[in-house]
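Colleague: As input, take coords-v5.txt (compact mmCIF, C-alpha atoms and all ligand atoms):
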```txt
# COMPACT_ATOMS: atom_id res chain seq x y z
CA MET A 1 28.34 88.28 -4.98
CA ASP A 2 27.59 91.90 -5.83
CA PHE A 3 30.14 94.58 -6.66
CA GLU A 4 30.33 96.06 -3.15
CA LYS A 5 30.99 92.67 -1.56
CA ILE A 6 33.65 91.84 -4.14
CA LYS A 7 35.29 95.21 -3.63
CA LYS A 8 35.47 94.60 0.12
CA LEU A 9 36.76 91.07 -0.39
CA LEU A 10 39.56 92.37 -2.61
CA LYS A 11 40.39 95.18 -0.20
CA ASP A 12 40.57 92.76 2.74
CA ASN A 13 42.99 90.59 0.75
CA GLY A 14 45.07 93.44 -0.68
CA GLN A 15 44.10 92.57 -4.27
CA GLU A 16 42.13 95.65 -5.37
CA GLN A 17 44.18 95.94 -8.58
CA LEU A 18 41.85 93.30 -10.08
CA LEU A 19 39.18 96.02 -10.43
CA GLU A 20 41.53 98.46 -12.19
CA TYR A 21 39.69 98.22 -15.52
CA TYR A 22 36.18 97.64 -14.12
CA GLY A 23 35.01 101.06 -15.31
CA GLU A 24 35.87 100.15 -18.94
CA LEU A 25 33.91 96.87 -18.99
CA ASP A 26 30.43 96.23 -20.38
CA GLY A 27 27.76 94.51 -18.27
CA LYS A 28 28.61 90.97 -19.35
CA GLN A 29 32.32 91.47 -18.77
CA ARG A 30 31.69 92.96 -15.34
CA ALA A 31 29.61 89.93 -14.37
CA GLN A 32 32.39 87.65 -15.63
CA LEU A 33 35.06 89.46 -13.62
CA LEU A 34 32.98 89.39 -10.44
CA GLU A 35 32.38 85.69 -10.91
CA ASP A 36 36.10 85.03 -11.45
CA VAL A 37 36.99 86.98 -8.31
CA SER A 38 34.40 85.10 -6.26
CA LYS A 39 36.23 81.86 -7.14
CA ILE A 40 39.67 82.99 -5.95
CA ASN A 41 41.29 81.10 -3.11
CA PHE A 42 43.19 84.06 -1.65
CA SER A 43 45.09 82.02 0.90
CA VAL A 44 47.39 80.46 -1.73
CA THR A 45 49.43 83.64 -2.00
CA ASP A 46 50.53 83.17 1.65
CA CYS A 47 52.93 80.46 0.58
CA ILE A 48 55.11 82.94 -1.34
CA ASN A 49 56.77 83.91 1.92
CA ASN A 50 55.94 80.83 3.89
CA HIS A 51 57.26 77.67 2.25
CA VAL A 52 54.99 75.09 3.82
CA ALA A 53 56.11 72.64 1.12
CA ASP A 54 59.61 72.55 2.62
CA LYS A 55 60.24 69.17 4.21
CA ASN A 56 62.03 68.41 7.43
CA LEU A 57 65.08 66.64 6.01
CA LYS A 58 66.73 66.11 9.40
CA ASP A 59 64.87 62.83 9.82
CA ILE A 60 65.29 61.33 6.37
CA ALA A 61 65.86 57.60 5.81
CA THR A 62 66.05 55.06 3.01
CA VAL A 63 62.95 53.12 1.99
CA PRO A 64 63.38 49.60 0.64
CA ALA A 65 61.65 48.66 -2.60
CA LYS A 66 60.32 45.37 -3.85
CA SER A 67 63.13 44.60 -6.27
CA LEU A 68 62.85 43.28 -9.81
CA ASP A 69 64.11 39.88 -8.61
CA GLU A 70 61.62 39.65 -5.76
CA ILE A 71 58.81 40.66 -8.08
CA ALA A 72 59.87 38.03 -10.64
CA ALA A 73 59.89 35.37 -7.93
CA HIS A 74 56.29 36.19 -6.87
CA ARG A 75 54.94 37.25 -10.24
CA ASP A 76 52.19 34.63 -10.54
CA GLU A 77 50.91 35.21 -7.02
CA TYR A 78 50.77 39.00 -7.49
CA CYS A 79 49.25 38.71 -10.93
CA GLU A 80 46.50 36.40 -9.72
CA GLU A 81 45.56 38.83 -6.94
CA GLY A 82 45.64 41.81 -9.34
CA VAL A 83 43.47 40.05 -11.92
CA LYS A 84 41.02 39.06 -9.20
CA LEU A 85 40.64 42.73 -8.18
CA LEU A 86 40.35 43.88 -11.79
CA ARG A 87 37.70 41.28 -12.62
CA ALA A 88 35.75 42.31 -9.52
CA GLY A 89 35.73 45.91 -10.85
CA LYS A 90 37.64 47.17 -7.81
CA VAL A 91 40.31 49.06 -9.76
CA ALA A 92 40.07 52.09 -12.04
CA ALA A 93 42.67 54.26 -13.77
CA VAL A 94 43.22 58.03 -13.78
CA ILE A 95 45.21 59.77 -16.52
CA LEU A 96 46.67 63.05 -15.33
CA ALA A 97 46.21 65.12 -18.46
CA GLY A 98 45.68 68.58 -17.00
CA GLY A 99 49.28 69.79 -17.46
CA GLN A 100 50.31 72.46 -19.93
CA GLY A 101 53.35 70.73 -21.40
CA THR A 102 55.33 73.97 -21.57
CA ARG A 103 58.70 72.22 -21.96
CA LEU A 104 57.44 70.33 -24.99
CA GLY A 105 56.29 73.61 -26.50
CA PHE A 106 53.12 72.04 -27.89
CA ASP A 107 50.02 74.16 -27.46
CA LYS A 108 47.45 71.35 -27.73
CA PRO A 109 46.73 68.67 -25.11
CA LYS A 110 49.97 66.71 -24.65
CA GLY A 111 48.18 63.42 -25.19
CA THR A 112 47.39 64.46 -28.77
CA PHE A 113 51.10 64.84 -29.61
CA ASN A 114 52.22 62.55 -32.44
CA VAL A 115 55.22 60.39 -31.52
CA GLY A 116 54.87 58.37 -34.72
CA VAL A 117 57.34 58.63 -37.58
CA THR A 118 55.84 56.77 -40.54
CA ARG A 119 52.35 56.68 -39.09
CA THR A 120 50.26 58.67 -36.65
CA LEU A 121 50.80 57.44 -33.12
CA THR A 122 49.60 59.94 -30.55
CA ILE A 123 50.52 59.70 -26.90
CA PHE A 124 46.88 58.99 -26.01
CA GLY A 125 46.78 56.34 -28.76
CA GLN A 126 49.85 54.63 -27.31
CA LEU A 127 48.46 54.74 -23.76
CA MET A 128 45.18 53.22 -24.95
CA SER A 129 47.15 50.48 -26.69
CA ASN A 130 49.03 49.81 -23.43
CA ILE A 131 45.66 49.55 -21.68
CA LYS A 132 44.45 47.06 -24.29
CA ASP A 133 47.32 44.71 -23.41
CA VAL A 134 45.87 44.47 -19.90
CA THR A 135 42.17 44.39 -20.73
CA ASP A 136 42.72 41.70 -23.39
CA ALA A 137 44.66 39.61 -20.89
CA TYR A 138 42.09 39.70 -18.10
CA GLY A 139 39.01 39.94 -20.31
CA GLY A 140 37.23 43.07 -19.04
CA TYR A 141 37.28 46.88 -18.97
CA PHE A 142 38.07 49.09 -16.01
CA TYR A 143 36.82 52.64 -15.57
CA LEU A 144 39.18 55.20 -17.04
CA PHE A 145 39.06 58.71 -15.61
CA ILE A 146 40.79 61.41 -17.61
CA MET A 147 41.64 64.60 -15.74
CA THR A 148 41.88 67.64 -18.00
CA SER A 149 42.13 71.35 -17.29
CA GLU A 150 39.81 74.20 -18.32
CA ILE A 151 42.42 74.99 -20.96
CA ASN A 152 42.47 71.62 -22.72
CA HIS A 153 39.21 69.92 -21.72
CA ASP A 154 37.11 70.43 -24.87
CA GLU A 155 39.96 69.50 -27.21
CA THR A 156 40.74 66.36 -25.20
CA VAL A 157 37.13 65.18 -25.16
CA ALA A 158 36.75 65.91 -28.90
CA PHE A 159 39.98 64.02 -29.64
CA PHE A 160 38.77 60.85 -27.94
CA LYS A 161 35.43 61.12 -29.74
CA GLN A 162 37.10 61.60 -33.15
CA ASN A 163 39.22 58.52 -32.47
CA ASP A 164 36.22 56.45 -31.42
CA TYR A 165 37.68 56.22 -27.92
CA PHE A 166 40.44 54.04 -29.40
CA GLY A 167 38.08 51.07 -29.28
CA TYR A 168 37.48 51.39 -25.52
CA PRO A 169 33.84 51.35 -24.34
CA ALA A 170 32.87 55.04 -24.11
CA ASP A 171 30.65 54.38 -21.10
CA LYS A 172 33.73 53.33 -19.13
CA ILE A 173 35.51 56.65 -19.76
CA ARG A 174 34.84 59.79 -17.73
CA PHE A 175 36.52 63.15 -18.30
CA TYR A 176 36.73 65.71 -15.52
CA VAL A 177 38.24 69.16 -15.22
CA GLN A 178 40.79 69.82 -12.53
CA ASP A 179 40.41 72.74 -10.14
CA LYS A 180 42.41 75.92 -10.60
CA GLU A 181 44.24 78.52 -8.54
CA PRO A 182 44.98 82.19 -9.27
CA VAL A 183 48.29 83.25 -10.80
CA CYS A 184 50.11 86.15 -9.20
CA GLY A 185 53.04 88.39 -10.03
CA LEU A 186 56.31 88.07 -8.14
CA ASP A 187 55.02 90.79 -5.77
CA GLY A 188 52.09 88.58 -4.74
CA LYS A 189 49.47 90.57 -6.66
CA ILE A 190 47.04 88.38 -8.58
CA LEU A 191 47.20 88.99 -12.33
CA LEU A 192 44.51 89.68 -14.90
CA ALA A 193 44.55 87.46 -18.00
CA ASP A 194 42.30 90.04 -19.64
CA LYS A 195 40.66 93.19 -18.36
CA HIS A 196 37.63 91.13 -17.35
CA ARG A 197 39.34 87.81 -16.57
CA VAL A 198 41.43 86.79 -13.59
CA ALA A 199 44.53 84.75 -14.51
CA PHE A 200 44.07 81.18 -13.26
CA SER A 201 46.07 78.03 -13.88
CA PRO A 202 45.49 74.33 -13.10
CA ASN A 203 46.25 73.57 -9.45
CA GLY A 204 48.92 70.92 -10.07
CA ASN A 205 48.59 67.16 -10.35
CA GLY A 206 48.07 66.84 -6.56
CA GLY A 207 44.58 68.16 -7.16
CA TRP A 208 43.55 65.01 -9.01
CA TYR A 209 41.45 63.40 -6.24
CA SER A 210 39.83 66.53 -4.79
CA SER A 211 38.97 67.62 -8.35
CA LEU A 212 37.48 64.19 -9.06
CA VAL A 213 35.36 64.54 -5.93
CA ASN A 214 34.39 68.14 -6.77
CA SER A 215 33.28 67.03 -10.21
CA GLY A 216 30.81 64.56 -8.67
CA LEU A 217 32.60 61.34 -9.65
CA GLN A 218 33.02 60.08 -6.09
CA GLN A 219 29.43 58.80 -6.32
CA LEU A 220 30.45 56.58 -9.21
CA LEU A 221 33.41 55.17 -7.26
CA LYS A 222 31.08 54.32 -4.41
CA LYS A 223 28.33 52.90 -6.61
CA GLU A 224 30.76 50.69 -8.52
CA GLY A 225 32.71 49.64 -5.41
CA ILE A 226 36.03 50.93 -6.79
CA GLU A 227 38.69 50.50 -4.11
CA TRP A 228 41.94 51.29 -5.92
CA LEU A 229 42.90 54.06 -8.32
CA ASN A 230 45.95 53.70 -10.57
CA VAL A 231 47.07 57.27 -11.24
CA PHE A 232 49.66 58.08 -13.84
CA SER A 233 51.07 60.85 -15.99
CA VAL A 234 49.94 61.32 -19.54
CA ASP A 235 53.42 61.64 -20.98
CA ASN A 236 55.10 58.30 -20.28
CA VAL A 237 54.39 56.35 -23.45
CA LEU A 238 55.63 53.08 -21.91
CA GLN A 239 53.32 53.46 -18.93
CA ARG A 240 51.87 50.09 -17.87
CA ILE A 241 48.34 50.89 -16.77
CA CYS A 242 46.43 48.84 -14.20
CA ASP A 243 49.32 46.39 -14.24
CA PRO A 244 47.88 43.37 -12.36
CA VAL A 245 51.28 42.45 -10.88
CA PHE A 246 51.66 45.93 -9.35
CA ILE A 247 48.05 45.93 -8.12
CA GLY A 248 48.42 42.47 -6.60
CA ALA A 249 51.75 43.24 -4.92
CA THR A 250 50.39 46.45 -3.38
CA SER A 251 47.18 44.83 -2.18
CA LEU A 252 48.98 41.82 -0.68
CA SER A 253 51.52 44.08 1.03
CA ARG A 254 48.62 45.72 2.90
CA SER A 255 50.04 49.14 1.99
CA PHE A 256 47.66 52.01 1.39
CA CYS A 257 49.44 52.96 -1.77
CA GLY A 258 52.00 51.68 -4.23
CA ALA A 259 54.57 53.62 -6.25
CA LYS A 260 56.38 52.34 -9.30
CA VAL A 261 60.04 53.27 -9.04
CA VAL A 262 63.19 52.99 -11.15
CA ARG A 263 66.79 52.85 -10.03
CA LYS A 264 68.23 56.31 -10.60
CA THR A 265 70.93 56.53 -13.26
CA CYS A 266 72.78 59.33 -11.43
CA PRO A 267 72.21 61.59 -8.40
CA GLU A 268 71.05 64.44 -10.66
CA GLU A 269 68.40 62.46 -12.53
CA ARG A 270 65.21 64.49 -12.79
CA VAL A 271 62.88 62.21 -10.89
CA GLY A 272 61.26 62.56 -7.47
CA VAL A 273 63.26 60.64 -4.87
CA LEU A 274 61.58 58.10 -2.63
CA CYS A 275 62.57 58.16 1.04
CA SER A 276 60.99 58.26 4.44
CA ILE A 277 60.79 61.44 6.51
CA GLU A 278 59.91 61.29 10.18
CA GLY A 279 58.98 57.65 9.71
CA ARG A 280 56.49 58.20 6.87
CA PRO A 281 57.04 57.41 3.19
CA ASP A 282 57.78 60.57 1.26
CA ILE A 283 59.01 61.82 -2.08
CA ILE A 284 61.24 64.81 -2.65
CA GLU A 285 61.05 66.42 -6.08
CA TYR A 286 64.35 66.59 -8.00
CA TYR A 287 64.30 70.39 -7.96
CA GLU A 288 63.82 70.47 -4.18
CA ILE A 289 66.29 67.81 -2.99
CA PRO A 290 69.62 69.16 -1.69
CA GLN A 291 72.50 67.88 -3.84
CA ASP A 292 74.36 66.32 -0.86
CA ILE A 293 71.34 64.17 -0.01
CA ALA A 294 70.75 63.18 -3.64
CA ALA A 295 74.41 62.10 -3.95
CA GLU A 296 74.77 60.40 -0.52
CA LYS A 297 76.16 56.85 -0.68
CA ASP A 298 75.56 53.86 1.61
CA GLU A 299 78.26 51.56 3.04
CA ASN A 300 78.40 49.65 -0.27
CA GLY A 301 79.07 52.78 -2.26
CA GLU A 302 75.55 52.75 -3.77
CA LEU A 303 73.18 55.72 -3.75
CA LYS A 304 71.52 55.89 -0.34
CA TYR A 305 68.28 57.04 -1.99
CA PRO A 306 68.41 55.05 -5.22
CA TYR A 307 64.76 55.04 -6.24
CA GLY A 308 63.03 57.61 -8.38
CA VAL A 309 59.28 57.70 -8.94
CA ILE A 310 57.82 57.57 -12.45
CA LEU A 311 54.41 59.04 -11.63
CA ASN A 312 52.54 55.76 -11.56
CA TYR A 313 50.80 55.18 -8.23
CA LEU A 314 48.10 52.99 -6.84
CA PHE A 315 45.98 54.68 -4.18
CA ASN A 316 43.47 53.09 -1.85
CA VAL A 317 40.18 54.96 -2.18
CA HIS A 318 39.08 54.50 1.45
CA VAL A 319 42.25 56.18 2.65
CA LEU A 320 41.94 58.93 0.03
CA ASP A 321 38.46 59.65 1.37
CA ALA A 322 39.69 59.66 4.96
CA ILE A 323 42.39 62.25 4.21
CA LEU A 324 40.36 64.36 1.79
CA SER A 325 40.21 67.31 4.16
CA TRP A 326 44.02 67.31 4.65
CA LYS A 327 45.32 70.16 2.59
CA LEU A 328 48.35 69.45 0.42
CA PRO A 329 51.14 72.02 0.52
CA TYR A 330 51.48 74.37 -2.43
CA HIS A 331 54.66 74.44 -4.46
CA LEU A 332 55.58 77.66 -6.21
CA ALA A 333 56.26 77.43 -9.93
CA LYS A 334 57.90 80.53 -11.40
CA LYS A 335 56.66 80.88 -14.98
CA LYS A 336 56.18 83.29 -17.85
CA VAL A 337 52.52 84.28 -17.88
CA ALA A 338 50.83 86.70 -20.29
CA HIS A 339 48.78 89.29 -18.39
CA VAL A 340 47.30 92.76 -18.57
CA ALA A 341 49.78 95.53 -17.80
CA ASP A 342 49.25 99.22 -18.60
CA GLY A 343 45.97 98.35 -20.28
CA VAL A 344 47.30 95.78 -22.75
CA ILE A 345 48.03 92.05 -22.64
CA LYS A 346 51.80 91.55 -22.46
CA THR A 347 53.77 88.35 -22.90
CA PRO A 348 56.94 88.55 -20.81
CA ASP A 349 60.39 87.30 -21.88
CA GLU A 350 61.34 86.28 -18.35
CA PRO A 351 59.39 84.43 -15.65
CA ASN A 352 57.10 87.04 -14.13
CA ALA A 353 54.57 85.06 -12.14
CA TYR A 354 53.95 82.35 -9.60
CA LYS A 355 51.62 79.46 -10.21
CA PHE A 356 50.50 77.47 -7.19
CA GLU A 357 50.61 73.73 -7.58
CA THR A 358 49.96 70.79 -5.33
CA LEU A 359 51.79 67.60 -6.25
CA ALA A 360 50.68 63.98 -6.32
CA VAL A 361 54.03 63.05 -4.74
CA ASP A 362 52.94 64.76 -1.51
CA MET A 363 49.93 62.47 -1.24
CA VAL A 364 52.19 59.49 -0.63
CA ARG A 365 53.18 60.90 2.76
CA TYR A 366 49.54 61.40 3.70
CA MET A 367 48.70 57.81 2.73
CA GLY A 368 50.99 56.65 5.55
CA SER A 369 52.30 53.45 3.95
CA CYS A 370 53.63 52.81 0.47
CA LEU A 371 54.92 49.79 -1.39
CA ALA A 372 57.81 50.84 -3.63
CA PHE A 373 57.69 48.56 -6.66
CA GLU A 374 60.76 48.51 -8.90
CA VAL A 375 60.30 48.42 -12.66
CA ASP A 376 62.67 48.09 -15.58
CA ARG A 377 63.11 51.61 -16.91
CA GLU A 378 63.82 50.37 -20.44
CA LYS A 379 60.39 48.74 -20.47
CA GLU A 380 58.27 51.18 -18.48
CA PHE A 381 59.76 54.66 -18.47
CA ALA A 382 59.77 56.83 -21.55
CA PRO A 383 58.52 60.30 -20.56
CA VAL A 384 57.96 62.88 -23.28
CA LYS A 385 58.85 66.14 -21.53
CA ASN A 386 61.10 67.92 -24.04
CA PRO A 387 61.38 68.02 -27.83
CA THR A 388 64.97 66.72 -27.79
CA GLY A 389 67.60 65.43 -25.34
CA VAL A 390 66.78 63.85 -22.00
CA ASP A 391 63.17 62.66 -21.48
CA SER A 392 62.23 63.79 -24.93
CA VAL A 393 60.33 62.82 -28.04
CA GLU A 394 63.65 61.44 -29.37
CA SER A 395 64.44 59.30 -26.32
CA ALA A 396 60.85 58.07 -26.04
CA ARG A 397 60.86 57.01 -29.71
CA LYS A 398 64.04 54.99 -29.19
CA LEU A 399 62.51 53.20 -26.21
CA LEU A 400 59.23 52.56 -28.00
CA GLU A 401 61.14 50.93 -30.86
CA LYS A 402 63.17 48.86 -28.41
CA ASN A 403 59.86 47.57 -27.05
CA GLY A 404 58.63 46.58 -30.48
CA VAL A 405 56.28 49.49 -31.12
CA LYS A 406 56.12 50.39 -34.80
CA LEU A 407 56.60 54.09 -35.33
P1 LIG A 501 54.60 67.84 -15.44
O1 LIG A 501 55.06 68.22 -14.09
O2 LIG A 501 55.57 67.19 -16.33
O3 LIG A 501 53.97 69.12 -16.12
O4 LIG A 501 53.33 66.93 -15.25
P2 LIG A 501 53.46 69.36 -17.59
O5 LIG A 501 52.45 70.45 -17.46
O6 LIG A 501 52.97 68.13 -18.30
O7 LIG A 501 54.74 69.84 -18.38
P3 LIG A 501 55.63 71.17 -18.18
O8 LIG A 501 56.24 71.07 -16.81
O9 LIG A 501 54.70 72.34 -18.33
O10 LIG A 501 56.63 71.06 -19.29
C1 LIG A 501 53.36 65.59 -14.88
C2 LIG A 501 51.97 65.04 -15.11
O11 LIG A 501 51.02 65.74 -14.32
C3 LIG A 501 49.99 66.27 -15.15
C4 LIG A 501 50.61 66.41 -16.51
O12 LIG A 501 49.60 66.42 -17.50
C5 LIG A 501 51.50 65.18 -16.57
O13 LIG A 501 50.74 64.04 -16.87
N1 LIG A 501 49.52 67.54 -14.58
C6 LIG A 501 50.42 68.52 -14.28
C7 LIG A 501 48.19 67.73 -14.40
O14 LIG A 501 47.36 66.85 -14.71
N2 LIG A 501 47.77 68.92 -13.88
C8 LIG A 501 48.63 69.90 -13.55
O15 LIG A 501 48.18 70.98 -13.07
C9 LIG A 501 49.98 69.70 -13.74
```
What is this structure when it is put down as structure tokens?
Modeller:
Amino acid sequence: MDFEKIKKLLKDNGQEQLLEYYGELDGKQRAQLLEDVSKINFSVTDCINNHVADKNLKDIATVPAKSLDEIAAHRDEYCEEGVKLLRAGKVAAVILAGGQGTRLGFDKPKGTFNVGVTRTLTIFGQLMSNIKDVTDAYGGYFYLFIMTSEINHDETVAFFKQNDYFGYPADKIRFYVQDKEPVCGLDGKILLADKHRVAFSPNGNGGWYSSLVNSGLQQLLKKEGIEWLNVFSVDNVLQRICDPVFIGATSLSRSFCGAKVVRKTCPEERVGVLCSIEGRPDIIEYYEIPQDIAAEKDENGELKYPYGVILNYLFNVHVLDAILSWKLPYHLAKKKVAHVADGVIKTPDEPNAYKFETLAVDMVRYMGSCLAFEVDREKEFAPVKNPTGVDSVESARKLLEKNGVKL
């Protein structure tokens, strides 16, 4: 798009401030800025005043989960079905590694963080070791998709290469970059990261499937006949990946997706809460659930909504394709973002900007049916979100040791 068209586009969307420094730029920088502007999805800023992500909590109900006991009783049956699907190449895994890990305060890809004590044990290394448990047991390799962001893509790819892909066949691994959205100030004006660069940030982990499709990988899914995708967060070092029991249970339940869940330790626990809203399975993020609902008890005095998700889902690819055009709601994340102000790049002390993120939890509702599959948190849930305290490097190390991992 040429300058005049871009100028009109910005005027129509009330974002002309993005050209404030255009006169100071050289030819290459001007071209870069025009290209950045041409990629902006202006409609995201609408959600600042219009919270489409808000859920109708009037019609909320409990969702039962397949309990640990039930799973133990049917373990062999589920496992056999899961192994059958894995051996037939119908399942692949997706690591969500496009996040920025701000709470951890680590400026490299989170997966490269060392959780080892006496040896180097990176998060990616531990996840690849968890994968090996499964591939050794069923005797094959599934496709592994690794979603990165523009910010951490090159470093992530280089890290896997340096580590020889942790012994996994490189031709079974595909990296792809997640899509991005503009970042705007609290007044709704899109920010400049530099005089010639629009500020963008990754579009949240809900963008994982549309980004996979936009990067051309849907062809591979079709060619290989992949029917299920096990999607999980990069930071849970006890994550069981392509767990055949989970795959088998979800497939046999005829649900379109499965969600691993843990029993919440307290109403305030920082996990998304599984429920049903208006008759469809749904998940409400911990920072969006009203306290009275989170703390509500049933007739036995137990939490009415006892299950929290651990960001490990199994999605049916046919259904994902069918709902691809359904737009996920944007959630606003208020963050500190460095940007150009008065001609210089400033790093604020207080949150000054909104990032627009879609969330994988919202896809569960769109899938229409979901098997909630309970897991033992001591064995499967050790997220590394913070340096210390709850869900931290410290707590994850303790759990790794408990599970026999040498640190
Ligand atoms: P979190 O919500 O914990 O975000 O992501 P984060 O970026 O890792 O950490 P903070 O909030 O900045 O401290 C949960 C999972 O979703 C991935 C993350 O990499 C993590 O695996 N994610 C998050 C993405 O892949 N893309 C995103 O845009 C956001």
Colleague: One decimal, in Å: what's the spacing between atom CA of A:Glu150 and atom CA of A:Phe200?
Modeller: 9.6 Å
Colleague: How many Å lie between atom CA of A:Glu278 and atom CA of A:Asn300, rounded to one decimal?
Modeller: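 Spanning atom CA of A:Glu278 to atom CA of A:Asn300 is a straight-line distance of 24.2 Å.
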Colleague: To check your reading of the model: which residues sit at most 6 Å from ligand LIG 501 (chain A) when counting all atoms listed in the file? Write the answer as a VMD selection string.
Modeller: chain A and resid 96 to 104 202 to 205 233 to 235 385
Colleague: Which residues are near A:Ala88? Cut-off 9 Å, all atoms listed in the file, ignore same chain within fewer than 4 positions. Put them as a PyMOL selection string.
Modeller: chain A and resi 83-84+225
Colleague: Mind pulling up the distance from atom CA of A:Gln126 to atom CA of A:Gly272?
Modeller: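 One can read the atom CA of A:Gly272 to atom CA of A:Gln126 distance as 24.2 Å.
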Colleague: Using only C-alpha atoms, can you list as a VMD selection string the residues within 12 Å of (45.2, 55.8, -24.9)?
Modeller: chain A and resid 93 to 95 97 110 to 113 121 to 133 144 to 146 156 159 to 160 163 to 168 173 233 to 241
Colleague: Quick one: of A:Leu274, A:Ala193, A:Leu371, A:Ile40, who's nearest to A:Ser67, counting all atoms listed in the file?
Modeller: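 Closest residue, counting all atoms listed in the file: A:Leu371.
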Colleague: Got a sec: who's within 12 Å of A:Arg377, counting all atoms listed in the file, leaving out chain neighbours fewer than 6 positions off, as a PyMOL selection string?
Modeller: chain A and resi 68+236-240+260-265+307-310+383+391+396+399-400+402-403
Colleague: Using only C-alpha atoms, please write the residues we just selected to a file, as a short mmCIF file (atom, residue, chain, number, x, y, z; two decimals), keeping the file's coordinate frame.
Modeller:
```cif
data_model
loop_
_atom_site.label_atom_id
_atom_site.label_comp_id
_atom_site.auth_asym_id
_atom_site.auth_seq_id
_atom_site.Cartn_x
_atom_site.Cartn_y
_atom_site.Cartn_z
CA LEU A 68 62.85 43.28 -9.81
CA ASN A 236 55.10 58.30 -20.28
CA VAL A 237 54.39 56.35 -23.45
CA LEU A 238 55.63 53.08 -21.91
CA GLN A 239 53.32 53.46 -18.93
CA ARG A 240 51.87 50.09 -17.87
CA LYS A 260 56.38 52.34 -9.30
CA VAL A 261 60.04 53.27 -9.04
CA VAL A 262 63.19 52.99 -11.15
CA ARG A 263 66.79 52.85 -10.03
CA LYS A 264 68.23 56.31 -10.60
CA THR A 265 70.93 56.53 -13.26
CA TYR A 307 64.76 55.04 -6.24
CA GLY A 308 63.03 57.61 -8.38
CA VAL A 309 59.28 57.70 -8.94
CA ILE A 310 57.82 57.57 -12.45
CA PRO A 383 58.52 60.30 -20.56
CA ASP A 391 63.17 62.66 -21.48
CA ALA A 396 60.85 58.07 -26.04
CA LEU A 399 62.51 53.20 -26.21
CA LEU A 400 59.23 52.56 -28.00
CA LYS A 402 63.17 48.86 -28.41
CA ASN A 403 59.86 47.57 -27.05
#
```
Colleague: What's around A:Val340 at 7 Å? Count only C-alpha atoms, leave out sequence neighbours fewer than 6 positions away in its own chain, and write the answer as a list in words.
Modeller: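 Counting only C-alpha atoms, the residues come to Leu192, Ala193, Asp194, Lys195 and Lys346 of chain A.
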Colleague: Got a sec: who's within 9 Å of A:Ser251, counting all atoms listed in the file, leaving out chain neighbours fewer than 4 positions off, as a list of chain:residue names?
Modeller: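 Once the adjacent positions are removed, what remains is A:Tyr78, A:Glu81, A:Gly82, A:Phe246, A:Ile247, A:Ser255, A:Phe256, A:Cys257, A:Gly258.
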Colleague: So that I have them on file, write out the residues from the current selection with C-alpha atoms, as an mmCIF file, in the frame of the given file.
Modeller:
```cif
data_model
loop_
_atom_site.group_PDB
_atom_site.id
_atom_site.type_symbol
_atom_site.label_atom_id
_atom_site.label_comp_id
_atom_site.auth_asym_id
_atom_site.auth_seq_id
_atom_site.Cartn_x
_atom_site.Cartn_y
_atom_site.Cartn_z
ATOM 1 C CA TYR A 78 50.770 39.000 -7.490
ATOM 2 C CA GLU A 81 45.560 38.830 -6.940
ATOM 3 C CA GLY A 82 45.640 41.810 -9.340
ATOM 4 C CA PHE A 246 51.660 45.930 -9.350
ATOM 5 C CA ILE A 247 48.050 45.930 -8.120
ATOM 6 C CA SER A 255 50.040 49.140 1.990
ATOM 7 C CA PHE A 256 47.660 52.010 1.390
ATOM 8 C CA CYS A 257 49.440 52.960 -1.770
ATOM 9 C CA GLY A 258 52.000 51.680 -4.230
#
```
Colleague: Around the point (60.5, 65.4, 9.5) in the file's coordinates, collect all residues with an atom within 9 Å, using only C-alpha atoms, and return them as a list in words.
Modeller: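 Here is the list of nearby residues: Lys55, Asn56, Leu57, Lys58, Asp59, Ile60, Ser276, Ile277, Glu278, Gly279 and Arg280 of chain A.
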Colleague: At a cut-off of 12 Å, using all atoms listed in the file, what residues contact A:Arg254? Leave out same-chain residues fewer than 6 positions from it and give the result as a PyMOL selection string.
Modeller: chain A and resi 247-248+315-316+368-371
Colleague: Rank A:Ala199, A:Cys275, A:Leu18, A:Val117 by their smallest atom-to-atom distance to A:Ala61, using all atoms listed in the file, and report the top residue only.
Modeller: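 With all atoms listed in the file as the atom set, the closest residue is A:Cys275.
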Colleague: When distances are computed from only C-alpha atoms, which of A:Tyr143, A:Phe373, A:Tyr21, A:Phe381 shows the smallest separation from A:Glu70?
Modeller: A:Phe373
Colleague: Select, from A:Glu296, A:Ala333, A:His339, A:Leu314, the residue with the minimum atom-to-atom distance to A:Thr62, counting only C-alpha atoms.
Modeller: A:Glu296
Colleague: Determine the nearest neighbour of A:Ala353 from the options A:Arg397, A:Lys11, A:Lys189, A:Arg365, counting all atoms listed in the file.
Modeller: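 Ranked by minimum distance to A:Ala353, first place goes to A:Lys189.
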